[in-house]
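Peer 1: Please find entry-v7.txt (compact mmCIF, C-alpha atoms) on the next line:
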# COMPACT_ATOMS: atom_id res chain seq x y z
CA MET A 26 0.00 0.00 0.00
CA LEU A 27 1.16 3.53 -0.76
CA VAL A 28 1.64 6.18 1.89
CA ILE A 29 1.08 9.43 0.02
CA PRO A 30 2.21 12.64 1.71
CA ALA A 31 0.08 15.67 0.92
CA ILE A 32 1.05 19.21 0.03
CA ASP A 33 -1.70 21.82 -0.06
CA LEU A 34 -0.77 24.94 -2.01
CA MET A 35 -1.88 28.49 -1.36
CA GLY A 36 -0.04 31.48 -2.77
CA GLY A 37 2.91 29.27 -3.73
CA GLU A 38 3.37 27.97 -0.17
CA ALA A 39 2.63 24.63 1.46
CA VAL A 40 -0.20 25.15 3.93
CA ARG A 41 -2.78 23.11 5.83
CA LEU A 42 -6.37 23.94 6.61
CA GLU A 43 -8.69 22.51 9.23
CA LYS A 44 -11.76 20.80 7.77
CA GLY A 45 -11.21 22.65 4.48
CA ASP A 46 -11.86 26.03 6.09
CA PHE A 47 -9.79 28.73 4.35
CA ALA A 48 -9.72 30.85 7.53
CA THR A 49 -7.63 28.26 9.45
CA LYS A 50 -4.56 28.43 7.16
CA LYS A 51 -1.19 27.50 8.61
CA VAL A 52 2.03 27.75 6.53
CA TYR A 53 4.37 24.74 6.67
CA ALA A 54 6.84 25.52 3.87
CA LYS A 55 7.69 28.59 1.81
CA ASP A 56 9.18 26.33 -0.87
CA PRO A 57 6.99 23.24 -1.32
CA SER A 58 9.52 21.56 -3.64
CA GLU A 59 11.89 21.21 -0.67
CA LYS A 60 9.14 19.36 1.17
CA ALA A 61 8.72 17.10 -1.87
CA ALA A 62 12.42 16.24 -1.81
CA GLU A 63 12.23 15.60 1.94
CA PHE A 64 9.26 13.24 1.47
CA ARG A 65 11.06 11.38 -1.30
CA GLY A 66 14.01 10.98 1.06
CA ALA A 67 11.68 9.35 3.59
CA GLY A 68 10.63 6.73 1.02
CA ALA A 69 7.46 8.21 -0.52
CA THR A 70 7.01 7.56 -4.24
CA LEU A 71 3.86 9.57 -4.85
CA LEU A 72 2.95 13.06 -3.70
CA HIS A 73 -0.60 14.36 -3.37
CA VAL A 74 -0.71 18.04 -4.28
CA VAL A 75 -3.84 20.15 -3.91
CA ASP A 76 -4.04 23.62 -5.42
CA LEU A 77 -6.32 25.27 -2.86
CA ASP A 78 -6.36 28.58 -4.74
CA GLY A 79 -7.34 26.59 -7.82
CA ALA A 80 -10.17 24.83 -6.01
CA ARG A 81 -11.55 28.18 -4.99
CA ALA A 82 -11.09 29.90 -8.38
CA GLY A 83 -12.33 27.04 -10.54
CA TRP A 84 -9.09 26.70 -12.52
CA PRO A 85 -5.48 25.73 -11.66
CA VAL A 86 -3.62 28.67 -10.12
CA ASN A 87 -0.31 27.59 -8.53
CA LEU A 88 1.16 26.29 -11.79
CA ASP A 89 4.72 27.57 -11.33
CA THR A 90 4.93 25.93 -7.93
CA VAL A 91 3.48 22.68 -9.29
CA ALA A 92 6.04 22.69 -12.12
CA LYS A 93 8.83 23.18 -9.59
CA ILE A 94 7.58 20.29 -7.47
CA CYS A 95 7.40 18.09 -10.58
CA ARG A 96 11.07 18.77 -11.26
CA VAL A 97 11.99 16.93 -8.04
CA LYS A 98 13.23 13.55 -9.29
CA GLY A 99 12.14 10.18 -7.96
CA ILE A 100 8.66 11.08 -6.76
CA GLU A 101 5.48 11.25 -8.83
CA VAL A 102 2.89 13.98 -8.43
CA GLU A 103 -0.86 13.79 -8.49
CA LEU A 104 -2.63 17.14 -8.65
CA GLY A 105 -6.12 18.24 -7.75
CA GLY A 106 -7.90 21.54 -7.22
CA GLY A 107 -9.80 23.50 -9.87
CA ILE A 108 -9.12 21.21 -12.82
CA ARG A 109 -12.41 21.47 -14.69
CA THR A 110 -11.74 21.43 -18.43
CA LEU A 111 -9.87 19.11 -20.78
CA LEU A 112 -7.55 22.02 -21.62
CA ASP A 113 -6.62 22.32 -17.95
CA VAL A 114 -6.03 18.55 -17.72
CA GLU A 115 -3.65 18.81 -20.68
CA LYS A 116 -1.98 21.87 -19.23
CA VAL A 117 -1.12 20.33 -15.86
CA LEU A 118 -0.06 16.97 -17.34
CA ALA A 119 2.31 18.92 -19.59
CA LEU A 120 3.93 20.40 -16.47
CA GLY A 121 5.04 16.94 -15.44
CA VAL A 122 2.11 15.93 -13.25
CA SER A 123 1.57 12.14 -13.41
CA TYR A 124 -2.10 12.01 -12.39
CA VAL A 125 -4.87 14.57 -12.30
CA VAL A 126 -7.50 14.38 -9.59
CA LEU A 127 -10.90 15.63 -10.72
CA GLY A 128 -13.22 16.51 -7.87
CA THR A 129 -16.11 18.79 -8.73
CA ALA A 130 -15.96 17.63 -12.35
CA ALA A 131 -16.52 14.02 -11.32
CA VAL A 132 -19.88 14.91 -9.87
CA GLU A 133 -21.14 17.64 -12.16
CA ARG A 134 -19.60 16.80 -15.47
CA LEU A 135 -19.08 13.13 -16.06
CA GLY A 136 -18.57 13.82 -19.78
CA LEU A 137 -15.30 15.56 -18.97
CA VAL A 138 -14.11 12.61 -16.86
CA GLU A 139 -14.93 10.24 -19.75
CA GLU A 140 -13.14 12.40 -22.29
CA ALA A 141 -10.10 12.85 -20.05
CA CYS A 142 -9.91 9.08 -19.39
CA ARG A 143 -10.11 8.39 -23.12
CA LYS A 144 -7.37 10.86 -23.90
CA PHE A 145 -5.12 10.11 -20.91
CA PRO A 146 -5.85 6.53 -19.84
CA GLY A 147 -4.63 5.62 -16.36
CA ARG A 148 -3.80 9.23 -15.52
CA VAL A 149 -7.20 10.44 -14.36
CA ARG A 150 -8.34 9.93 -10.77
CA THR A 151 -11.29 11.36 -8.97
CA GLY A 152 -11.46 12.78 -5.52
CA ILE A 153 -14.63 12.03 -3.65
CA ASP A 154 -15.06 14.32 -0.68
CA ALA A 155 -17.89 13.37 1.61
CA ARG A 156 -19.35 14.45 4.90
CA ASP A 157 -21.81 12.08 6.58
CA GLY A 158 -21.82 10.02 3.36
CA GLU A 159 -22.90 12.95 1.16
CA VAL A 160 -20.51 14.12 -1.55
CA LYS A 161 -19.21 17.71 -1.33
CA VAL A 162 -17.82 19.81 -4.17
CA ALA A 163 -16.22 23.22 -4.86
CA GLY A 164 -13.74 23.55 -2.02
CA TRP A 165 -16.10 21.54 0.22
CA THR A 166 -18.57 24.39 0.35
CA ALA A 167 -21.46 22.84 -1.61
CA GLY A 168 -23.36 19.57 -1.04
CA THR A 169 -24.65 17.39 -3.89
CA GLY A 170 -27.19 14.98 -2.39
CA LEU A 171 -25.23 12.09 -3.94
CA SER A 172 -23.69 9.22 -1.96
CA ALA A 173 -19.99 8.43 -2.26
CA VAL A 174 -20.73 4.94 -3.61
CA GLU A 175 -23.02 6.32 -6.30
CA VAL A 176 -20.37 8.81 -7.46
CA ALA A 177 -17.65 6.11 -7.39
CA ARG A 178 -19.79 3.82 -9.57
CA ARG A 179 -20.38 6.61 -12.06
CA VAL A 180 -16.72 7.55 -12.39
CA LYS A 181 -15.74 3.89 -12.71
CA ALA A 182 -18.12 3.59 -15.65
CA ALA A 183 -16.43 6.69 -17.08
CA GLY A 184 -13.04 4.95 -17.01
CA VAL A 185 -11.54 5.91 -13.65
CA SER A 186 -9.80 3.11 -11.73
CA VAL A 187 -8.57 4.95 -8.63
CA VAL A 188 -10.76 7.02 -6.35
CA GLU A 189 -9.50 9.16 -3.50
CA TYR A 190 -11.95 9.25 -0.65
CA THR A 191 -11.80 12.06 1.89
CA ASP A 192 -13.97 12.38 4.91
CA VAL A 193 -14.22 16.18 5.09
CA GLY A 194 -15.35 16.06 8.70
CA ARG A 195 -12.08 14.38 9.73
CA ASP A 196 -9.54 16.21 7.55
CA GLY A 197 -6.88 17.93 9.63
CA MET A 198 -8.64 16.87 12.85
CA PHE A 199 -6.61 13.77 13.91
CA THR A 200 -9.80 11.84 14.60
CA GLY A 201 -8.59 8.69 12.83
CA VAL A 202 -9.03 7.80 9.16
CA ASP A 203 -12.28 6.24 7.96
CA ALA A 204 -10.62 3.00 6.76
CA GLY A 205 -13.85 1.05 7.09
CA GLY A 206 -15.82 3.53 5.00
CA ALA A 207 -13.09 3.57 2.36
CA ALA A 208 -13.00 -0.24 2.26
CA ARG A 209 -16.79 -0.39 1.87
CA LEU A 210 -16.54 2.09 -0.99
CA GLN A 211 -13.85 -0.06 -2.60
CA ALA A 212 -15.97 -3.21 -2.28
CA GLU A 213 -19.31 -1.71 -3.28
CA ALA A 214 -18.10 0.38 -6.22
CA GLY A 215 -15.35 -1.99 -7.42
CA VAL A 216 -12.63 0.66 -7.71
CA GLU A 217 -9.29 1.06 -5.97
CA VAL A 218 -9.60 3.50 -3.10
CA ILE A 219 -7.03 5.76 -1.51
CA ALA A 220 -8.22 7.07 1.84
CA SER A 221 -7.48 10.49 3.26
CA GLY A 222 -8.55 12.74 6.06
CA GLY A 223 -7.99 12.33 9.78
CA VAL A 224 -4.80 10.22 9.86
CA ALA A 225 -3.44 10.62 13.40
CA GLY A 226 -0.84 7.88 13.80
CA LEU A 227 0.72 4.67 12.52
CA GLY A 228 -2.40 2.79 13.63
CA ASP A 229 -4.35 4.53 10.86
CA VAL A 230 -1.79 3.49 8.25
CA LYS A 231 -1.98 -0.11 9.46
CA ALA A 232 -5.78 0.00 9.49
CA CYS A 233 -5.79 1.10 5.85
CA ARG A 234 -3.36 -1.66 4.90
CA LEU A 235 -5.43 -4.30 6.70
CA ALA A 236 -8.58 -2.96 5.04
CA GLY A 237 -6.93 -3.67 1.69
CA LEU A 238 -6.88 -0.08 0.46
CA ALA A 239 -4.67 1.09 -2.40
CA GLY A 240 -3.16 3.87 -0.35
CA VAL A 241 -3.53 6.48 2.34
CA ILE A 242 -2.88 10.19 2.11
CA VAL A 243 -1.20 11.76 5.12
CA GLY A 244 -0.98 15.48 5.62
CA LYS A 245 -1.06 17.36 8.88
CA ALA A 246 0.10 14.38 10.98
CA ILE A 247 3.46 14.53 9.19
CA TYR A 248 3.77 18.31 9.43
CA GLU A 249 2.90 18.31 13.14
CA GLY A 250 5.34 15.48 13.86
CA ARG A 251 2.68 13.00 15.02
CA ILE A 252 3.81 10.47 12.50
CA SER A 253 7.17 9.73 10.89
CA LEU A 254 6.74 9.34 7.15
CA ARG A 255 9.59 6.85 7.05
CA GLU A 256 7.91 4.65 9.67
CA ALA A 257 4.56 5.03 7.93
CA VAL A 258 6.06 3.85 4.63
CA GLN A 259 7.49 0.84 6.50
CA ALA A 260 4.18 0.14 8.25
CA ALA A 261 2.41 0.17 4.90
CA LYS A 262 4.62 -2.64 3.69
CA GLY A 263 3.37 -4.86 6.51
CA MET B 178 -16.51 48.15 -31.80
CA GLU B 179 -13.55 49.34 -33.82
CA ASN B 180 -14.58 52.97 -33.37
CA ALA B 181 -15.16 52.56 -29.65
CA LEU B 182 -11.66 51.12 -29.17
CA ARG B 183 -10.12 53.94 -31.25
CA GLU B 184 -12.08 56.39 -29.13
CA VAL B 185 -10.24 55.18 -26.00
CA GLY B 186 -6.86 55.44 -27.67
CA ALA B 187 -6.22 51.93 -29.01
CA LYS B 188 -4.56 51.19 -32.34
CA VAL B 189 -6.95 48.67 -33.87
CA VAL B 190 -6.36 45.96 -36.48
CA VAL B 191 -9.46 44.03 -37.56
CA THR B 192 -8.33 40.58 -38.63
CA HIS B 193 -9.16 36.92 -39.07
CA GLU B 194 -5.50 36.00 -39.53
CA ALA B 195 -4.02 33.76 -36.85
CA GLU B 196 -0.58 35.33 -37.17
CA LYS B 197 -1.86 38.82 -36.34
CA VAL B 198 -3.73 37.47 -33.32
CA ARG B 199 -0.52 35.83 -32.08
CA ARG B 200 1.42 39.09 -32.35
CA ALA B 201 -1.18 41.41 -30.81
CA ASP B 202 -0.57 43.19 -27.47
CA ARG B 203 -4.25 42.79 -26.66
CA VAL B 204 -6.99 40.81 -28.33
CA VAL B 205 -10.69 41.66 -28.55
CA VAL B 206 -13.01 38.88 -29.76
CA PRO B 207 -16.28 40.53 -30.73
CA GLY B 208 -17.99 37.32 -31.89
CA GLN B 209 -20.04 37.28 -35.07
CA GLY B 210 -23.40 35.59 -35.62
CA SER B 211 -24.29 32.42 -33.73
CA MET B 212 -22.06 30.49 -31.34
CA PRO B 213 -21.79 27.41 -33.64
CA ALA B 214 -20.95 29.49 -36.73
CA CYS B 215 -18.46 31.67 -34.87
CA ALA B 216 -16.64 28.78 -33.16
CA GLU B 217 -16.50 26.82 -36.43
CA ALA B 218 -15.15 29.80 -38.41
CA MET B 219 -12.48 30.43 -35.77
CA ARG B 220 -11.39 26.80 -35.81
CA ARG B 221 -11.27 26.73 -39.62
CA SER B 222 -9.16 29.87 -39.88
CA GLY B 223 -6.76 28.78 -37.13
CA VAL B 224 -7.69 31.86 -35.10
CA SER B 225 -8.93 29.68 -32.23
CA ASP B 226 -5.47 28.11 -31.79
CA ALA B 227 -3.85 31.54 -32.00
CA LEU B 228 -6.28 32.81 -29.38
CA LEU B 229 -5.47 29.89 -27.05
CA GLU B 230 -1.76 30.62 -27.44
CA ALA B 231 -2.31 34.30 -26.73
CA ILE B 232 -4.28 33.50 -23.57
CA ARG B 233 -1.64 31.02 -22.45
CA LYS B 234 1.22 33.48 -22.84
CA GLY B 235 -0.61 36.18 -20.86
CA THR B 236 -1.96 38.52 -23.56
CA PRO B 237 -4.99 40.41 -22.21
CA VAL B 238 -8.04 39.11 -24.09
CA LEU B 239 -11.57 40.52 -24.06
CA GLY B 240 -14.44 38.44 -25.47
CA ILE B 241 -17.69 40.22 -26.23
CA CYS B 242 -21.17 38.65 -26.54
CA VAL B 243 -20.66 35.51 -28.70
CA GLY B 244 -16.96 36.14 -28.01
CA LEU B 245 -17.74 35.22 -24.39
CA GLN B 246 -19.91 32.25 -25.29
CA ILE B 247 -17.32 30.51 -27.50
CA LEU B 248 -14.89 30.34 -24.56
CA PHE B 249 -17.07 27.66 -22.93
CA GLU B 250 -17.13 23.96 -23.68
CA GLU B 251 -20.50 23.78 -25.37
CA GLY B 252 -23.67 25.64 -26.25
CA GLU B 253 -27.21 24.67 -27.12
CA GLU B 254 -27.69 27.20 -29.92
CA GLY B 255 -28.48 25.83 -33.40
CA GLY B 256 -28.79 22.21 -32.27
CA GLY B 257 -25.54 22.25 -30.31
CA ALA B 258 -22.17 23.96 -30.56
CA ARG B 259 -18.69 22.98 -29.48
CA GLY B 260 -16.89 25.96 -27.98
CA LEU B 261 -13.18 26.43 -27.44
CA GLY B 262 -13.35 24.70 -24.04
CA ILE B 263 -11.27 27.20 -22.12
CA LEU B 264 -13.97 27.56 -19.46
CA PRO B 265 -16.09 24.74 -18.03
CA GLY B 266 -19.81 24.73 -18.66
CA ARG B 267 -22.59 25.14 -21.17
CA ILE B 268 -24.16 28.19 -22.82
CA ALA B 269 -27.93 27.78 -22.38
CA LYS B 270 -30.96 29.57 -23.77
CA LEU B 271 -32.48 32.18 -21.47
CA PRO B 272 -35.69 30.85 -19.92
CA ALA B 273 -39.00 30.66 -21.76
CA GLY B 274 -41.58 33.20 -20.60
CA GLN B 275 -39.14 36.07 -21.09
CA LYS B 276 -39.01 38.22 -24.20
CA LEU B 277 -36.26 36.83 -26.47
CA PRO B 278 -33.90 37.91 -27.72
CA HIS B 279 -33.19 40.09 -24.73
CA ILE B 280 -32.42 43.50 -26.24
CA GLY B 281 -31.93 46.41 -23.90
CA TRP B 282 -30.36 47.74 -20.75
CA SER B 283 -29.89 45.60 -17.64
CA PRO B 284 -28.31 46.37 -14.27
CA LEU B 285 -25.04 44.67 -13.33
CA ARG B 286 -24.07 43.28 -9.96
CA ALA B 287 -20.41 42.64 -9.09
CA THR B 288 -19.33 39.42 -7.34
CA ALA B 289 -16.79 39.31 -4.51
CA SER B 290 -14.11 38.09 -6.93
CA ALA B 291 -14.59 40.85 -9.53
CA PRO B 292 -11.19 42.24 -10.67
CA PRO B 293 -10.55 46.01 -10.99
CA LEU B 294 -11.60 45.83 -14.66
CA PHE B 295 -15.18 44.95 -13.70
CA ALA B 296 -15.63 45.94 -10.05
CA PRO B 297 -16.41 49.62 -10.86
CA MET B 298 -19.45 48.49 -12.91
CA ASP B 299 -21.38 47.28 -9.87
CA GLY B 300 -24.86 48.82 -10.07
CA ALA B 301 -24.35 50.26 -13.59
CA TYR B 302 -26.59 49.46 -16.58
CA ALA B 303 -25.19 47.84 -19.73
CA TYR B 304 -26.69 47.12 -23.15
CA PHE B 305 -27.45 43.48 -24.01
CA ALA B 306 -28.61 41.79 -27.24
CA HIS B 307 -28.75 37.98 -26.95
CA SER B 308 -30.84 34.83 -26.33
CA TYR B 309 -28.16 32.55 -24.87
CA ALA B 310 -25.99 33.03 -21.78
CA ALA B 311 -23.37 31.46 -19.51
CA PRO B 312 -24.46 30.31 -16.04
CA ALA B 313 -24.07 32.66 -13.07
CA SER B 314 -22.18 29.84 -11.33
CA ALA B 315 -19.38 29.64 -13.93
CA PRO B 316 -15.87 29.98 -12.42
CA GLY B 317 -14.56 33.53 -12.58
CA VAL B 318 -17.96 35.23 -12.90
CA SER B 319 -17.40 38.91 -12.03
CA LEU B 320 -20.70 40.55 -12.97
CA THR B 321 -24.16 39.04 -13.08
CA THR B 322 -27.48 40.30 -14.37
CA THR B 323 -30.99 38.86 -14.52
CA HIS B 324 -33.41 38.09 -17.36
CA GLY B 325 -35.75 35.49 -15.93
CA VAL B 326 -32.74 33.90 -14.21
CA PRO B 327 -29.44 35.35 -13.03
CA TYR B 328 -26.64 34.72 -15.52
CA CYS B 329 -23.05 35.67 -16.23
CA ALA B 330 -22.63 39.23 -17.58
CA ALA B 331 -18.85 39.30 -17.26
CA LEU B 332 -16.07 36.94 -16.21
CA ALA B 333 -12.34 37.02 -15.61
CA ARG B 334 -9.75 34.29 -15.52
CA GLU B 335 -6.32 35.82 -15.05
CA ASN B 336 -5.62 37.66 -18.35
CA LEU B 337 -8.84 36.43 -19.99
CA PHE B 338 -11.87 38.70 -19.72
CA ALA B 339 -15.27 38.43 -21.35
CA VAL B 340 -18.60 40.24 -21.28
CA GLN B 341 -22.05 39.21 -22.47
CA PHE B 342 -23.16 42.83 -22.94
CA HIS B 343 -21.96 45.22 -25.64
CA PRO B 344 -19.51 47.78 -24.23
CA GLU B 345 -19.48 49.59 -27.58
CA LYS B 346 -23.23 50.22 -27.19
CA SER B 347 -23.21 50.83 -23.43
CA GLN B 348 -22.24 54.48 -23.70
CA LYS B 349 -20.01 55.95 -20.94
CA VAL B 350 -19.99 52.80 -18.81
CA GLY B 351 -18.92 50.72 -21.80
CA LEU B 352 -16.26 53.14 -23.01
CA ALA B 353 -14.83 53.34 -19.49
CA LEU B 354 -14.56 49.54 -19.47
CA LEU B 355 -12.76 49.51 -22.82
CA GLU B 356 -10.44 52.24 -21.59
CA ARG B 357 -9.56 50.16 -18.52
CA PHE B 358 -9.00 47.12 -20.75
CA VAL B 359 -6.69 49.06 -23.06
CA HIS B 360 -4.60 49.95 -19.98
CA VAL B 361 -4.69 46.55 -18.23
Could you render the structure from this file as structure tokens?

Peer 2:
Amino acid sequence: MLVIPAIDLMGGEAVRLEKGDFATKKVYAKDPSEKAAEFRGAGATLLHVVDLDGARAGWPVNLDTVAKICRVKGIEVELGGGIRTLLDVEKVLALGVSYVVLGTAAVERLGLVEEACRKFPGRVRTGIDARDGEVKVAGWTAGTGLSAVEVARRVKAAGVSVVEYTDVGRDGMFTGVDAGGAARLQAEAGVEVIASGGVAGLGDVKACRLAGLAGVIVGKAIYEGRISLREAVQAAKG
Amino acid sequence: MENALREVGAKVVVTHEAEKVRRADRVVVPGQGSMPACAEAMRRSGVSDALLEAIRKGTPVLGICVGLQILFEEGEEGGGARGLGILPGRIAKLPAGQKLPHIGWSPLRATASAPPLFAPMDGAYAYFAHSYAAPASAPGVSLTTTHGVPYCAALARENLFAVQFHPEKSQKVGLALLERFVHV
């Protein structure tokens, strides 16, 4: 199983928010590419980058920073946040991003997901952000009335094979990851699931591995020193 | 349009040549006819690719009326139109029950994200002439107006700007906008 460290970008810096609330911003690195190199050194092979400014604007914003992160050798980058047209998918993949994560688009515009999967097979993932089982979009500010399983089934039919499931209520809160919910999603929708949100310690990483998940995204727990990325990568190997 | 831009001090070249679009300091896309016809003509002449390049390299671009609509992915005019796909979403017909086309003056309301180009137009009236519009929820919407439903009157995405109304027919308010655009 992959342990995937997260970098959230705002104004070119690596930041973290609590429960997706833009008012709770805390800066962890002025130069996010240095963090990327540090994470690679700890054994991570994939980096989860979220363009928070992009999520809010509706198009990718921190492109220079993303390009700089992509130039760090030996670690792949998946990018989400504000990618809502095929042109934007092409643009960020051209920067060196390995996988795009479509969030809002996966719910509102399945046609785009289909088209992107056709054009860039294996490189399109969808983020499914849910609170109390209901899928949230647009920087977690709007509800959809759709269940996570329903959205996962739809994107699978559109050609997506990896879904990233975030429990918005747990993100940045150290309440423990929803490994059970992620595993149910994986079983019921028949897609690979990467869990994120709420990871507090190595126990969460082990729980995700035992639940048979494809990976787990770890953010604040690393930045706040609650978890050692190196140990987490080891724990994921079993 | 040409006269209005000259009026505010711009040196104007009217062209459908891709090369001239690539070299321009600023680009205005007035949009001719229907969305399908306009998008198709721009693709055929290579102007759409030149426009995409210009936007990508940071040239200030202003789309007007159909010049706004073609920036989106698709439209329902004339049985369906494929736009340039720079902005996500669909250009839809204004709701039935309203007089169409909508020709006349409507008040503008600025959104919280309106850039300096559009923010001063909050509360002003602008001149519209259209039956199709972009949704008020489109990313980057800076001004909205209402004709049956609220819809996008102006939007901004970095160096890309577009308006559904006609600045060249919106008198002082319109000329002031063009003047700001010429100095962006």

Peer 1: Distance limit 7 Å, atoms considered: only C-alpha atoms. Which chain B residues sit that close to chain A? Return them as a list in words.

Peer 2: Gly262, Ile263, Leu264, Pro265, Pro316 and Gly317 of chain B

Peer 1: Show me, as number ranges by chain, the residues that have an atom within 10 Å of Leu171 (chain A) when counting all atoms listed in the file, minus same-chain residues fewer than 6 positions from it.

Peer 2: A: 132, 155, 158-161

Peer 1: The residues within 12 Å of (8.6, 22.7, -5.2), using all atoms listed in the file and the coordinates of the file, should be reported as a ChimeraX atom specification; which are they?

Peer 2: /A:32-34,37-39,54-64,72,74,87-98,100,102

Peer 1: When you look at Thr321 (chain B) with a cut-off of 9 Å (counting all atoms listed in the file), what residues show up, excluding the ones that are within fewer than 4 positions of it in the same chain? I need them as a list in words.

Peer 2: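 Selected residues are Pro284, Leu285, Arg286, Ala287, Thr288, Ala313, Pro327, Tyr328, Cys329, Ala330, Ala331 and Leu332 of chain B.
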
Peer 1: Taking 3 positions as the minimum chain separation for residues in the same chain, which residues sit within 8 Å of Val188 (chain A) when counting all atoms listed in the file? Answer as an mmCIF file with C-alpha atoms, in the frame of the given file.

Peer 2:
data_model
loop_
_atom_site.group_PDB
_atom_site.id
_atom_site.type_symbol
_atom_site.label_atom_id
_atom_site.label_comp_id
_atom_site.auth_asym_id
_atom_site.auth_seq_id
_atom_site.Cartn_x
_atom_site.Cartn_y
_atom_site.Cartn_z
ATOM 1 C CA ARG A 150 -8.340 9.930 -10.770
ATOM 2 C CA THR A 151 -11.290 11.360 -8.970
ATOM 3 C CA GLY A 152 -11.460 12.780 -5.520
ATOM 4 C CA ILE A 153 -14.630 12.030 -3.650
ATOM 5 C CA ALA A 177 -17.650 6.110 -7.390
ATOM 6 C CA VAL A 185 -11.540 5.910 -13.650
ATOM 7 C CA VAL A 216 -12.630 0.660 -7.710
ATOM 8 C CA GLU A 217 -9.290 1.060 -5.970
ATOM 9 C CA VAL A 218 -9.600 3.500 -3.100
ATOM 10 C CA ILE A 219 -7.030 5.760 -1.510
#

Peer 1: Tell me which protein, DNA and RNA residues are within 8 Å of Leu71 (chain A), counting all atoms listed in the file, leaving out same-chain ones fewer than 5 positions away, and put them as a PyMOL selection string.

Peer 2: chain A and resi 27-30+100-103

Peer 1: When you count all atoms listed in the file, which of these residues is closest to Ala315 (chain B): B:Leu294, B:Ala353, B:Val238, B:Leu248?

Peer 2: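 The closest residue to Ala315 (chain B) is B:Leu248.
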
Peer 1: Kindly give the distance, in Å, that separates CA of Leu42 (chain A) and CA of Ala220 (chain A), rounded to a single decimal.

Peer 2: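 Distance between the two atoms: 17.6 Å.
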
Peer 1: For CA of Leu104 (chain A) and CA of Ala214 (chain A), determine how far apart the two atoms are, in Å to one decimal place.

Peer 2: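 That distance, rounded to one decimal, is 22.9 Å.
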
Peer 1: Calculate how many Å separate CA of Val198 (chain B) from CA of Lys349 (chain B), rounding to one decimal.

Peer 2: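 Atom-to-atom, CA of Val198 (chain B) and CA of Lys349 (chain B) are spaced 27.6 Å apart.
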
Peer 1: So for region 207-215 of chain B, what box centre and size do we get, axis-aligned, 8 Å extra on each of the six sides, every listed atom, Å to one decimal, as AutoDock Vina command-line options?

Peer 2:
--center_x -20.3 --center_y 34.0 --center_z -33.7 --size_x 24.0 --size_y 29.1 --size_z 22.0

Peer 1: Env of region 305-307 of chain B: 8 Å cut, atoms = all atoms listed in the file, seq-sep filter 3 positions within chain, self excluded. Answer as a list of chain:residue names.

Peer 2: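 The residues that qualify are B:Cys242, B:Leu277, B:Pro278, B:His279, B:Ile280, B:Gly281, B:Trp282, B:Ser283, B:Ala310, B:Gln341, B:Phe342, B:His343.
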
Peer 1: Closest to Arg143 (chain A) among A:Ala183, A:Val174, A:His73, A:Arg156, using all atoms listed in the file?

Peer 2: A:Ala183

Peer 1: Out of B:Leu320, B:Val326, B:Cys215, B:Val359, which residue has the shortest atom-to-atom distance to Ala301 (chain B) when counting all atoms listed in the file?

Peer 2: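 When distances to Ala301 (chain B) are compared using all atoms listed in the file, the smallest one comes from B:Leu320.
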
Peer 1: With N, CA and C atoms as the target, complete region 289-299 of chain B and hand it back as an mmCIF file, in the frame of the given file.

Peer 2:
data_model
loop_
_atom_site.group_PDB
_atom_site.id
_atom_site.type_symbol
_atom_site.label_atom_id
_atom_site.label_comp_id
_atom_site.auth_asym_id
_atom_site.auth_seq_id
_atom_site.Cartn_x
_atom_site.Cartn_y
_atom_site.Cartn_z
ATOM 1 N N ALA B 289 -17.907 39.019 -5.424
ATOM 2 C CA ALA B 289 -16.790 39.310 -4.510
ATOM 3 C C ALA B 289 -15.450 39.175 -5.210
ATOM 4 N N SER B 290 -15.396 38.342 -6.275
ATOM 5 C CA SER B 290 -14.110 38.090 -6.930
ATOM 6 C C SER B 290 -13.882 38.994 -8.140
ATOM 7 N N ALA B 291 -14.737 39.994 -8.344
ATOM 8 C CA ALA B 291 -14.590 40.850 -9.530
ATOM 9 C C ALA B 291 -13.249 41.589 -9.502
ATOM 10 N N PRO B 292 -12.469 41.520 -10.607
ATOM 11 C CA PRO B 292 -11.190 42.240 -10.670
ATOM 12 C C PRO B 292 -11.442 43.723 -10.941
ATOM 13 N N PRO B 293 -10.399 44.563 -10.809
ATOM 14 C CA PRO B 293 -10.550 46.010 -10.990
ATOM 15 C C PRO B 293 -11.162 46.387 -12.349
ATOM 16 N N LEU B 294 -11.012 45.531 -13.351
ATOM 17 C CA LEU B 294 -11.600 45.830 -14.660
ATOM 18 C C LEU B 294 -13.129 45.925 -14.565
ATOM 19 N N PHE B 295 -13.717 45.043 -13.745
ATOM 20 C CA PHE B 295 -15.180 44.950 -13.700
ATOM 21 C C PHE B 295 -15.807 45.528 -12.434
ATOM 22 N N ALA B 296 -15.052 45.535 -11.341
ATOM 23 C CA ALA B 296 -15.630 45.940 -10.050
ATOM 24 C C ALA B 296 -16.329 47.312 -10.092
ATOM 25 N N PRO B 297 -15.754 48.308 -10.849
ATOM 26 C CA PRO B 297 -16.410 49.620 -10.860
ATOM 27 C C PRO B 297 -17.797 49.609 -11.532
ATOM 28 N N MET B 298 -18.172 48.526 -12.193
ATOM 29 C CA MET B 298 -19.450 48.490 -12.910
ATOM 30 C C MET B 298 -20.614 48.026 -12.049
ATOM 31 N N ASP B 299 -20.321 47.730 -10.777
ATOM 32 C CA ASP B 299 -21.380 47.280 -9.870
ATOM 33 C C ASP B 299 -22.501 48.331 -9.831
#
